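Structure file data_35.cif (mmCIF, C-alpha atoms and all ligand atoms) follows.
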data_query
#
loop_
_atom_site.label_atom_id
_atom_site.label_comp_id
_atom_site.auth_asym_id
_atom_site.auth_seq_id
_atom_site.Cartn_x
_atom_site.Cartn_y
_atom_site.Cartn_z
CA MET A 1 30.15 -28.63 33.31
CA LYS A 2 32.44 -31.12 35.02
CA LEU A 3 32.99 -31.31 38.74
CA PHE A 4 36.41 -29.93 39.59
CA ALA A 5 38.60 -30.68 42.61
CA CYS A 6 41.58 -28.74 43.90
CA THR A 7 44.76 -30.40 42.60
CA ALA A 8 46.53 -29.45 45.86
CA CYS A 9 44.04 -30.53 48.55
CA GLY A 10 41.16 -32.28 46.77
CA ALA A 11 38.42 -29.85 47.82
CA PRO A 12 35.52 -29.72 45.38
CA LEU A 13 35.53 -26.49 43.37
CA GLN A 14 33.25 -24.38 41.26
CA PHE A 15 34.46 -23.51 37.76
CA GLU A 16 34.61 -19.79 38.65
CA ASP A 17 36.76 -20.21 41.80
CA ALA A 18 39.94 -18.11 41.67
CA ALA A 19 41.23 -19.51 44.95
CA CYS A 20 40.62 -22.80 46.75
CA PRO A 21 38.10 -22.27 49.59
CA GLN A 22 39.94 -24.94 51.64
CA CYS A 23 43.69 -24.48 51.11
CA ALA A 24 43.64 -20.95 49.60
CA ALA A 25 45.78 -22.01 46.60
CA ARG A 26 45.54 -19.74 43.58
CA LEU A 27 43.51 -21.53 40.90
CA GLY A 28 43.86 -21.29 37.15
CA TYR A 29 41.89 -23.04 34.42
CA ASP A 30 43.87 -24.81 31.72
CA PRO A 31 41.45 -24.98 28.77
CA ALA A 32 43.68 -27.37 26.81
CA ALA A 33 43.53 -29.95 29.62
CA GLY A 34 40.05 -28.98 30.84
CA ARG A 35 41.44 -28.80 34.39
CA LEU A 36 41.30 -26.30 37.22
CA LEU A 37 44.85 -26.24 38.61
CA ALA A 38 46.23 -25.14 41.99
CA VAL A 39 49.25 -23.10 40.92
CA ALA A 40 52.14 -21.28 42.62
CA LEU A 41 54.38 -18.51 41.34
CA ASP A 42 57.86 -19.64 40.28
CA GLY A 43 59.83 -16.59 39.21
CA GLU A 44 57.77 -15.04 36.42
CA VAL A 45 55.68 -18.10 35.59
CA TRP A 46 53.13 -20.25 37.37
CA ARG A 47 53.42 -24.00 37.89
CA VAL A 48 51.11 -26.63 39.33
CA GLN A 49 51.73 -26.91 43.07
CA GLY A 50 53.78 -30.00 43.90
CA GLU A 51 55.13 -30.27 40.34
CA PRO A 52 58.44 -28.36 40.35
CA GLY A 53 59.87 -28.27 36.84
CA GLY A 54 56.39 -28.97 35.44
CA ARG A 55 54.73 -26.98 32.69
CA ALA A 56 55.07 -23.18 32.96
CA TYR A 57 51.88 -21.12 32.67
CA LEU A 58 50.91 -17.47 32.57
CA PHE A 59 47.61 -16.04 33.68
CA CYS A 60 45.51 -14.34 31.02
CA ALA A 61 46.14 -10.58 30.96
CA ASN A 62 42.53 -10.04 32.09
CA ALA A 63 43.32 -11.78 35.41
CA ALA A 64 44.79 -8.41 36.48
CA TYR A 65 41.21 -7.05 36.47
CA GLY A 66 39.72 -10.03 38.27
CA ALA A 67 37.97 -10.77 34.98
CA CYS A 68 39.62 -14.08 34.04
CA THR A 69 41.01 -17.19 35.73
CA TRP A 70 42.27 -18.91 32.60
CA LEU A 71 45.88 -19.94 31.99
CA LEU A 72 47.96 -20.08 28.84
CA PRO A 73 51.25 -21.91 28.29
CA ALA A 74 54.20 -19.58 28.98
CA GLU A 75 56.04 -21.08 26.03
CA GLY A 76 55.01 -19.38 22.81
CA ALA A 77 52.78 -16.81 24.59
CA GLY A 78 52.64 -13.73 22.42
CA GLU A 79 52.89 -10.13 23.55
CA SER A 80 49.16 -9.88 24.17
CA ARG A 81 48.99 -12.76 26.67
CA PHE A 82 45.27 -13.38 26.37
CA CYS A 83 43.70 -16.76 27.04
CA HIS A 84 41.77 -18.88 24.56
CA ALA A 85 38.52 -17.05 25.42
CA CYS A 86 39.74 -13.46 25.94
CA ARG A 87 41.68 -13.30 22.70
CA HIS A 88 38.31 -13.05 20.93
CA ASN A 89 37.52 -9.76 22.74
CA HIS A 90 37.40 -6.79 20.39
CA VAL A 91 36.06 -4.01 22.64
CA ILE A 92 35.63 -4.06 26.42
CA PRO A 93 33.79 -1.32 28.34
CA ASP A 94 35.60 1.77 29.61
CA LEU A 95 37.00 0.61 32.95
CA THR A 96 37.59 4.17 34.18
CA GLN A 97 33.78 4.27 34.65
CA ASP A 98 33.23 2.79 38.10
CA SER A 99 30.28 0.53 37.39
CA ASN A 100 31.72 -1.07 34.26
CA LEU A 101 34.31 -3.32 35.91
CA GLY A 102 31.74 -5.31 37.89
CA ARG A 103 29.50 -5.66 34.86
CA TRP A 104 32.33 -6.76 32.61
CA ARG A 105 33.44 -9.38 35.18
CA LYS A 106 29.95 -10.89 35.12
CA LEU A 107 30.04 -11.00 31.32
CA GLU A 108 33.47 -12.60 31.31
CA ALA A 109 32.34 -15.25 33.79
CA ALA A 110 29.41 -16.13 31.52
CA LYS A 111 31.69 -16.08 28.47
CA LYS A 112 34.05 -18.61 30.12
CA ARG A 113 31.12 -21.02 30.58
CA LEU A 114 30.24 -20.52 26.94
CA PHE A 115 33.80 -21.24 25.80
CA TYR A 116 34.07 -24.28 28.07
CA THR A 117 31.24 -25.90 26.10
CA LEU A 118 32.43 -24.71 22.67
CA LEU A 119 35.87 -26.21 23.34
CA ALA A 120 34.42 -29.44 24.75
CA LEU A 121 32.27 -29.81 21.62
CA GLY A 122 35.37 -29.26 19.45
CA LEU A 123 33.68 -26.44 17.54
CA PRO A 124 35.72 -24.18 15.24
CA LEU A 125 36.83 -20.87 16.79
CA THR A 126 38.21 -18.63 14.08
CA ARG A 127 39.55 -15.12 14.66
CA ARG A 128 39.89 -11.94 12.74
CA PRO A 129 41.73 -10.88 10.63
CA GLU A 130 42.59 -14.44 9.41
CA ASP A 131 38.85 -15.03 9.01
CA PRO A 132 36.84 -11.89 8.08
CA LYS A 133 33.81 -13.58 9.71
CA GLY A 134 35.87 -14.70 12.74
CA LEU A 135 34.37 -14.63 16.22
CA ALA A 136 34.83 -11.37 18.14
CA PHE A 137 33.07 -9.69 21.06
CA ASP A 138 32.18 -6.05 21.66
CA PHE A 139 31.06 -5.46 25.25
CA LEU A 140 29.56 -2.00 24.98
CA ALA A 141 28.23 0.39 27.61
CA ASP A 142 25.42 2.80 26.71
CA PRO A 143 26.63 6.30 25.74
CA PRO A 144 26.39 8.69 28.71
CA ALA A 145 24.54 11.38 26.70
CA PRO A 146 20.90 11.53 27.84
CA GLY A 147 18.47 10.40 25.16
CA ALA A 148 21.20 8.77 23.05
CA PRO A 149 20.13 5.35 21.70
CA GLY A 150 21.26 2.45 23.87
CA VAL A 151 23.49 -0.41 22.71
CA MET A 152 21.63 -3.27 21.02
CA THR A 153 22.75 -6.82 21.74
CA GLY A 154 23.21 -8.59 18.43
CA HIS A 155 25.45 -10.20 15.84
CA ASP A 156 27.01 -9.11 12.57
CA ASN A 157 29.27 -11.45 10.57
CA GLY A 158 30.97 -13.03 13.57
CA LEU A 159 31.04 -9.84 15.67
CA VAL A 160 28.89 -10.33 18.78
CA THR A 161 27.76 -7.15 20.53
CA ILE A 162 26.59 -7.43 24.12
CA ALA A 163 24.98 -4.48 25.90
CA VAL A 164 26.91 -4.25 29.16
CA ALA A 165 23.77 -2.82 30.83
CA GLU A 166 22.35 -6.38 30.72
CA ALA A 167 24.84 -7.33 33.45
CA ASP A 168 22.74 -5.31 35.93
CA ASP A 169 20.14 -7.69 37.30
CA SER A 170 17.46 -5.01 37.62
CA GLU A 171 17.98 -3.80 34.06
CA ARG A 172 17.98 -7.31 32.59
CA GLU A 173 14.87 -8.25 34.57
CA ALA A 174 13.11 -5.08 33.38
CA ARG A 175 13.91 -5.98 29.77
CA ARG A 176 12.85 -9.61 30.28
CA SER A 177 9.55 -8.48 31.72
CA ALA A 178 8.96 -5.86 28.99
CA MET A 179 9.64 -8.47 26.28
CA GLY A 180 7.43 -11.08 27.96
CA GLU A 181 10.31 -13.58 28.00
CA PRO A 182 10.42 -16.49 30.48
CA TYR A 183 14.25 -16.60 30.54
CA ARG A 184 16.94 -13.95 30.07
CA THR A 185 20.52 -14.41 31.26
CA LEU A 186 23.99 -13.27 30.19
CA LEU A 187 24.93 -16.86 29.38
CA GLY A 188 21.74 -17.22 27.33
CA HIS A 189 22.58 -14.06 25.36
CA LEU A 190 26.08 -15.30 24.63
CA ARG A 191 24.90 -18.77 23.60
CA HIS A 192 22.30 -17.22 21.29
CA GLU A 193 24.63 -14.68 19.65
CA VAL A 194 27.46 -17.15 18.98
CA GLY A 195 24.74 -19.32 17.47
CA HIS A 196 24.64 -16.82 14.58
CA TYR A 197 28.41 -17.18 14.10
CA TYR A 198 27.99 -20.97 14.04
CA TRP A 199 25.20 -20.73 11.48
CA THR A 200 27.83 -19.35 9.08
CA LYS A 201 30.35 -22.04 10.02
CA LEU A 202 28.15 -25.15 10.41
CA VAL A 203 25.43 -24.41 7.85
CA GLU A 204 26.39 -21.85 5.21
CA GLU A 205 30.10 -22.63 4.87
CA ALA A 206 29.48 -26.37 5.40
CA GLY A 207 27.10 -26.66 2.43
CA ALA A 208 24.04 -27.52 4.54
CA LEU A 209 21.74 -24.71 3.39
CA ASP A 210 19.13 -26.92 1.70
CA ALA A 211 18.73 -29.17 4.74
CA PHE A 212 18.59 -26.06 6.94
CA ARG A 213 15.85 -24.41 4.86
CA ALA A 214 13.78 -27.60 4.81
CA LEU A 215 13.58 -27.47 8.61
CA PHE A 216 13.90 -23.83 9.63
CA GLY A 217 12.56 -22.03 6.56
CA ASP A 218 14.22 -19.64 4.12
CA GLU A 219 16.70 -17.27 5.77
CA ARG A 220 16.69 -15.06 2.64
CA THR A 221 13.34 -13.49 3.63
CA ASP A 222 13.78 -9.85 4.70
CA TYR A 223 15.35 -10.01 8.16
CA GLY A 224 14.65 -6.42 9.22
CA ALA A 225 11.00 -6.64 8.19
CA ALA A 226 10.63 -10.00 9.96
CA LEU A 227 11.93 -8.60 13.25
CA GLN A 228 9.76 -5.51 12.92
CA ARG A 229 6.71 -7.70 12.39
CA HIS A 230 7.65 -9.84 15.38
CA TYR A 231 7.86 -6.79 17.66
CA SER A 232 4.70 -5.15 16.35
CA GLU A 233 2.41 -8.19 15.95
CA GLY A 234 3.99 -10.72 18.32
CA PRO A 235 4.59 -14.40 17.52
CA PRO A 236 2.01 -16.60 15.77
CA ALA A 237 -0.35 -18.24 18.28
CA ASP A 238 0.96 -21.76 17.52
CA TRP A 239 4.72 -20.98 17.64
CA ALA A 240 5.25 -23.52 20.45
CA THR A 241 4.42 -26.39 18.06
CA ARG A 242 7.45 -25.47 15.92
CA GLN A 243 9.97 -23.45 17.91
CA VAL A 244 11.89 -23.59 21.19
CA SER A 245 10.88 -20.00 22.03
CA ALA A 246 8.52 -17.29 20.83
CA TYR A 247 11.45 -15.20 19.57
CA ALA A 248 12.60 -18.12 17.42
CA SER A 249 9.48 -17.65 15.30
CA ALA A 250 10.68 -14.21 14.12
CA HIS A 251 13.03 -15.45 11.37
CA ALA A 252 14.88 -18.64 10.34
CA TRP A 253 18.19 -17.18 11.63
CA GLU A 254 16.66 -16.50 15.05
CA ASP A 255 15.12 -19.98 15.08
CA TRP A 256 18.59 -21.48 14.52
CA ALA A 257 20.24 -19.20 17.13
CA GLU A 258 17.58 -20.00 19.74
CA THR A 259 17.80 -23.72 18.98
CA PHE A 260 21.61 -23.60 19.12
CA ALA A 261 21.45 -21.83 22.52
CA HIS A 262 19.07 -24.50 23.84
CA TYR A 263 21.42 -27.19 22.61
CA LEU A 264 24.27 -25.64 24.63
CA HIS A 265 21.97 -25.29 27.67
CA MET A 266 21.19 -29.01 27.43
CA VAL A 267 24.74 -30.20 26.88
CA ASP A 268 26.18 -28.15 29.75
CA THR A 269 23.40 -28.86 32.25
CA LEU A 270 23.36 -32.59 31.45
CA GLU A 271 27.12 -32.79 31.93
CA THR A 272 26.73 -31.11 35.33
CA ALA A 273 23.98 -33.54 36.34
CA GLY A 274 26.11 -36.48 35.17
CA ALA A 275 29.21 -35.17 36.96
CA PHE A 276 27.31 -35.20 40.26
CA GLY A 277 25.85 -38.63 39.53
CA LEU A 278 22.33 -37.25 39.76
CA ARG A 279 19.72 -39.97 39.40
CA LEU A 280 15.97 -39.55 39.45
CA LYS A 281 13.76 -42.31 40.75
CA PRO A 282 10.43 -40.70 41.60
CA ARG A 283 8.50 -42.21 44.47
CA HIS A 284 5.14 -41.64 42.84
CA PRO A 285 3.99 -44.84 41.05
CA ALA A 286 2.58 -42.84 38.12
CA ALA A 287 5.85 -40.98 37.56
CA GLU A 288 8.03 -43.89 36.38
CA ASP A 289 8.70 -41.97 33.16
CA LEU A 290 10.59 -39.40 35.16
CA SER A 291 13.32 -41.89 36.11
CA THR A 292 16.62 -40.88 34.59
CA SER A 293 20.37 -40.51 34.96
CA VAL A 294 23.16 -39.20 32.72
CA PRO A 295 25.72 -42.01 32.37
CA PHE A 296 27.20 -40.50 29.18
CA ASP A 297 29.20 -37.46 28.06
CA PRO A 298 26.73 -35.23 26.21
CA HIS A 299 29.61 -33.67 24.22
CA HIS A 300 30.32 -37.03 22.58
CA GLU A 301 26.96 -38.80 22.61
CA PRO A 302 25.98 -39.70 19.00
CA GLU A 303 22.21 -39.87 19.61
CA LEU A 304 20.35 -36.64 20.39
CA ALA A 305 17.45 -38.78 21.65
CA ARG A 306 19.59 -39.81 24.61
CA LEU A 307 20.07 -36.16 25.59
CA VAL A 308 16.38 -35.34 25.16
CA ASP A 309 15.27 -38.45 27.12
CA ALA A 310 17.37 -37.36 30.09
CA TRP A 311 16.60 -33.64 29.68
CA ALA A 312 12.82 -33.75 30.02
CA PRO A 313 12.69 -35.54 33.42
CA LEU A 314 15.75 -33.69 34.73
CA THR A 315 14.30 -30.25 34.00
CA PHE A 316 10.89 -31.26 35.36
CA ALA A 317 12.51 -32.29 38.65
CA VAL A 318 14.82 -29.27 38.90
CA ASN A 319 11.92 -26.95 38.11
CA ALA A 320 10.16 -28.53 41.09
CA LEU A 321 13.24 -27.89 43.26
CA ASN A 322 13.36 -24.26 42.16
CA ARG A 323 9.68 -23.82 42.98
CA SER A 324 10.41 -25.19 46.46
CA MET A 325 12.80 -22.26 46.88
CA GLY A 326 10.38 -19.71 45.43
CA GLN A 327 12.56 -19.35 42.33
CA PRO A 328 11.36 -19.27 38.73
CA ASP A 329 11.73 -22.51 36.77
CA LEU A 330 15.30 -23.43 35.82
CA TYR A 331 14.08 -24.35 32.34
CA PRO A 332 10.80 -22.55 31.55
CA PHE A 333 10.31 -24.22 28.14
CA THR A 334 8.78 -27.35 26.65
CA LEU A 335 10.16 -28.97 23.52
CA ALA A 336 7.66 -29.87 20.79
CA PRO A 337 8.60 -32.72 18.38
CA ALA A 338 9.33 -30.18 15.60
CA ALA A 339 11.70 -28.28 17.91
CA ILE A 340 13.44 -31.54 18.83
CA GLU A 341 13.95 -32.23 15.12
CA LYS A 342 15.70 -28.86 14.86
CA LEU A 343 17.84 -29.71 17.88
CA ALA A 344 18.77 -32.97 16.11
CA PHE A 345 19.89 -30.92 13.10
CA VAL A 346 22.07 -28.71 15.32
CA HIS A 347 23.46 -31.85 16.97
CA ALA A 348 24.31 -33.36 13.58
CA ARG A 349 25.97 -30.15 12.35
CA VAL A 350 28.04 -29.90 15.55
CA ARG A 351 29.17 -33.50 15.19
CA ALA A 352 30.03 -32.99 11.53
CA ALA A 353 32.15 -29.94 12.43
CA ARG A 354 34.05 -31.95 15.04
CA GLY A 355 34.66 -34.71 12.51
CA ALA A 356 35.95 -32.15 10.04
ZN ZN B 1 42.83 -26.67 47.78
ZN ZN B 2 41.14 -14.67 29.69
ZN ZN B 3 19.67 -13.44 17.18
#
Represent the structure of the file as structure tokens.
Amino acid sequence: MKLFACTACGAPLQFEDAACPQCAARLGYDPAAGRLLAVALDGEVWRVQGEPGGRAYLFCANAAYGACTWLLPAEGAGESRFCHACRHNHVIPDLTQDSNLGRWRKLEAAKKRLFYTLLALGLPLTRRPEDPKGLAFDFLADPPAPGAPGVMTGHDNGLVTIAVAEADDSEREARRSAMGEPYRTLLGHLRHEVGHYYWTKLVEEAGALDAFRALFGDERTDYGAALQRHYSEGPPADWATRQVSAYASAHAWEDWAETFAHYLHMVDTLETAGAFGLRLKPRHPAAEDLSTSVPFDPHHEPELARLVDAWAPLTFAVNALNRSMGQPDLYPFTLAPAAIEKLAFVHARVRAARGA
């Protein structure tokens, strides 16, 4: 993520800010420009402060719920008035239920981070009904009936289902602990599930199945049986020599989705480190290898090796910072050479899609 500054007063901003903490200007994110703008109401439209007669914007319809800060151009805005990210929503939770609004806001905030990276990478974003496998989101709350089966987070032909219950920290932590996972976040869920959509776009529809199978294995093996085996027997003891996570060992599709999610973690976190000019120069003479900086844009860097070379020392150092605060590691994973090869495949597919 870039570092943003208020266009009215210059105060540094976080991507999620809806108002400037210094000058109180209303803020809106223009995804086409990749800028967080200080805007003021001008009749029925919004314009950048200090630019009278400049471009006219509307806020996404979900801004009315405090669930979106994104702008869309007023010109050509359809009836629905949803932003680039919210127009992929298919079902949102029932907002007449008190607890759902707060949960949905957390999901939307994570989804905006996801879309920021997808747009910066220039990845395709198709919608239904034009594309029957277009990207859509169902944010579903568990049925209130006692004993009824809960919503399962997952993916089906472009439709991503997210269990809204995961937005409760205690619930998500309970599930993380029960599954024995080192990392479970809303952003991680979203990055994983859209990974399945991008398998269709970047592998299947792009004619890269043979290369995919050579690295990840054959995705035609029974998916349901593979997941059942994973949950009953657990991962193979040596999964870490091949996969980014234990869950990735369940099936070739899950391996791709986990690898794709890690790729987005890397790209976003490296951009953030670069935006702040973070440089590591360890003071221990034996730790020279941990020297690094990010003087490149990870969205446009041709060589995956450059990302990986910066990623390993950066995550080692930030893990140390987290431990100083009594927090779990920022990045509780290590990347084996075979997993890095899979990341290189994702990187190549992403670059090919941008070129196309
Ligand atoms: Zn300001
Ligand atoms: Zn929106
Ligand atoms: Zn999956």
Using only C-alpha atoms and all ligand atoms, find each protein or nucleic acid residue lying at most 6 Å from ligand ZN 3 (chain B); present the set as a PDB file with C-alpha atoms, in the coordinates of the input.
ATOM      1  CA  GLU A 193      24.630 -14.680  19.650  1.00  0.00           C
ATOM      2  CA  GLU A 254      16.660 -16.500  15.050  1.00  0.00           C
ATOM      3  CA  ALA A 257      20.240 -19.200  17.130  1.00  0.00           C
TER       4      ALA A 257
END
Closest to ligand ZN 2 (chain B) among A:Gln228, A:Gln22, A:Ser80, A:Asn100, using only C-alpha atoms and all ligand atoms?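 Using only C-alpha atoms and all ligand atoms, the shortest distance to ligand ZN 2 (chain B) belongs to A:Ser80.
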Nearby residues, ligand ZN 2 (chain B), 9 Å, all atoms listed in the file, as an MDAnalysis selection string: chainID A and resid 59:63 67:72 81:87 108 112
Those same residues - C-alpha atoms - I'd like them written as a PDB file, keeping the file's coordinate frame.
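Everything below was put into result39.pdb:
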ATOM      1  CA  PHE A  59      47.610 -16.040  33.680  1.00  0.00           C
ATOM      2  CA  CYS A  60      45.510 -14.340  31.020  1.00  0.00           C
ATOM      3  CA  ALA A  61      46.140 -10.580  30.960  1.00  0.00           C
ATOM      4  CA  ASN A  62      42.530 -10.040  32.090  1.00  0.00           C
ATOM      5  CA  ALA A  63      43.320 -11.780  35.410  1.00  0.00           C
ATOM      6  CA  ALA A  67      37.970 -10.770  34.980  1.00  0.00           C
ATOM      7  CA  CYS A  68      39.620 -14.080  34.040  1.00  0.00           C
ATOM      8  CA  THR A  69      41.010 -17.190  35.730  1.00  0.00           C
ATOM      9  CA  TRP A  70      42.270 -18.910  32.600  1.00  0.00           C
ATOM     10  CA  LEU A  71      45.880 -19.940  31.990  1.00  0.00           C
ATOM     11  CA  LEU A  72      47.960 -20.080  28.840  1.00  0.00           C
ATOM     12  CA  ARG A  81      48.990 -12.760  26.670  1.00  0.00           C
ATOM     13  CA  PHE A  82      45.270 -13.380  26.370  1.00  0.00           C
ATOM     14  CA  CYS A  83      43.700 -16.760  27.040  1.00  0.00           C
ATOM     15  CA  HIS A  84      41.770 -18.880  24.560  1.00  0.00           C
ATOM     16  CA  ALA A  85      38.520 -17.050  25.420  1.00  0.00           C
ATOM     17  CA  CYS A  86      39.740 -13.460  25.940  1.00  0.00           C
ATOM     18  CA  ARG A  87      41.680 -13.300  22.700  1.00  0.00           C
ATOM     19  CA  GLU A 108      33.470 -12.600  31.310  1.00  0.00           C
ATOM     20  CA  LYS A 112      34.050 -18.610  30.120  1.00  0.00           C
TER      21      LYS A 112
END
Counting all atoms listed in the file, note down every residue that has an atom within 12 Å of the point (21.2, -26.2, 4.0) (file coordinates), as a list in words.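 Collected hits near the coordinates: Trp199, Thr200, Lys201, Leu202, Val203, Glu204, Glu205, Ala206, Gly207, Ala208, Leu209, Asp210, Ala211, Phe212, Arg213, Ala214, Leu215, Phe216, Gly217, Asp218, Glu219, Ala252, Trp256, Phe345, Val346 and Arg349 of chain A.
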Pull the neighbourhood of (36.8, -22.1, 43.9) for me: all residues within 12 Å in file coordinates, counting only C-alpha atoms, as a tab-separated table (two decimals) with C-alpha atoms, in the frame of the given file.
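And here is the file that came out, part_28.tsv:
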chain	number	residue	atom	x	y	z
A	3	LEU	CA	32.99	-31.31	38.74
A	4	PHE	CA	36.41	-29.93	39.59
A	5	ALA	CA	38.60	-30.68	42.61
A	6	CYS	CA	41.58	-28.74	43.90
A	7	THR	CA	44.76	-30.40	42.60
A	10	GLY	CA	41.16	-32.28	46.77
A	11	ALA	CA	38.42	-29.85	47.82
A	12	PRO	CA	35.52	-29.72	45.38
A	13	LEU	CA	35.53	-26.49	43.37
A	14	GLN	CA	33.25	-24.38	41.26
A	15	PHE	CA	34.46	-23.51	37.76
A	16	GLU	CA	34.61	-19.79	38.65
A	17	ASP	CA	36.76	-20.21	41.80
A	18	ALA	CA	39.94	-18.11	41.67
A	19	ALA	CA	41.23	-19.51	44.95
A	20	CYS	CA	40.62	-22.80	46.75
A	21	PRO	CA	38.10	-22.27	49.59
A	22	GLN	CA	39.94	-24.94	51.64
A	23	CYS	CA	43.69	-24.48	51.11
A	24	ALA	CA	43.64	-20.95	49.60
A	25	ALA	CA	45.78	-22.01	46.60
A	26	ARG	CA	45.54	-19.74	43.58
A	27	LEU	CA	43.51	-21.53	40.90
A	28	GLY	CA	43.86	-21.29	37.15
A	29	TYR	CA	41.89	-23.04	34.42
A	36	LEU	CA	41.30	-26.30	37.22
A	37	LEU	CA	44.85	-26.24	38.61
A	38	ALA	CA	46.23	-25.14	41.99
A	69	THR	CA	41.01	-17.19	35.73
Box for region 301-307 of chain A: with edges along x, y and z, all listed atoms inside and 6 Å added on each side, what are the centre and edge lengths in Å to one decimal, as AutoDock Vina command-line options?
--center_x 22.2 --center_y -38.0 --center_z 22.3 --size_x 21.5 --size_y 15.7 --size_z 18.6
Which residues are close to Leu140 (chain A), i.e. within 10 Å by all atoms listed in the file, leaving aside same-chain residues fewer than 5 positions away? Reply as a ChimeraX atom specification. /A:91-94,100,104,150-153,161-165
Leaving out Thr185 (chain A) and any residue of its chain fewer than 2 positions from it, which residues lie within 10 Å of it when counting only C-alpha atoms, given as a VMD selection string? chain A and resid 110 166 to 167 169 172 to 173 176 183 187 to 191
Which value, in Å to one decimal, gives the distance between CA of His262 (chain A) and CA of Asp297 (chain A)?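 Interatomic distance here is 17.0 Å.
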Correct to one decimal, the distance CA of His347 (chain A)-CA of Ala261 (chain A) is 11.6 Å
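One distance worth recording is that between CA of Val308 (chain A) and CA of Pro236 (chain A), which is 25.4 Å.
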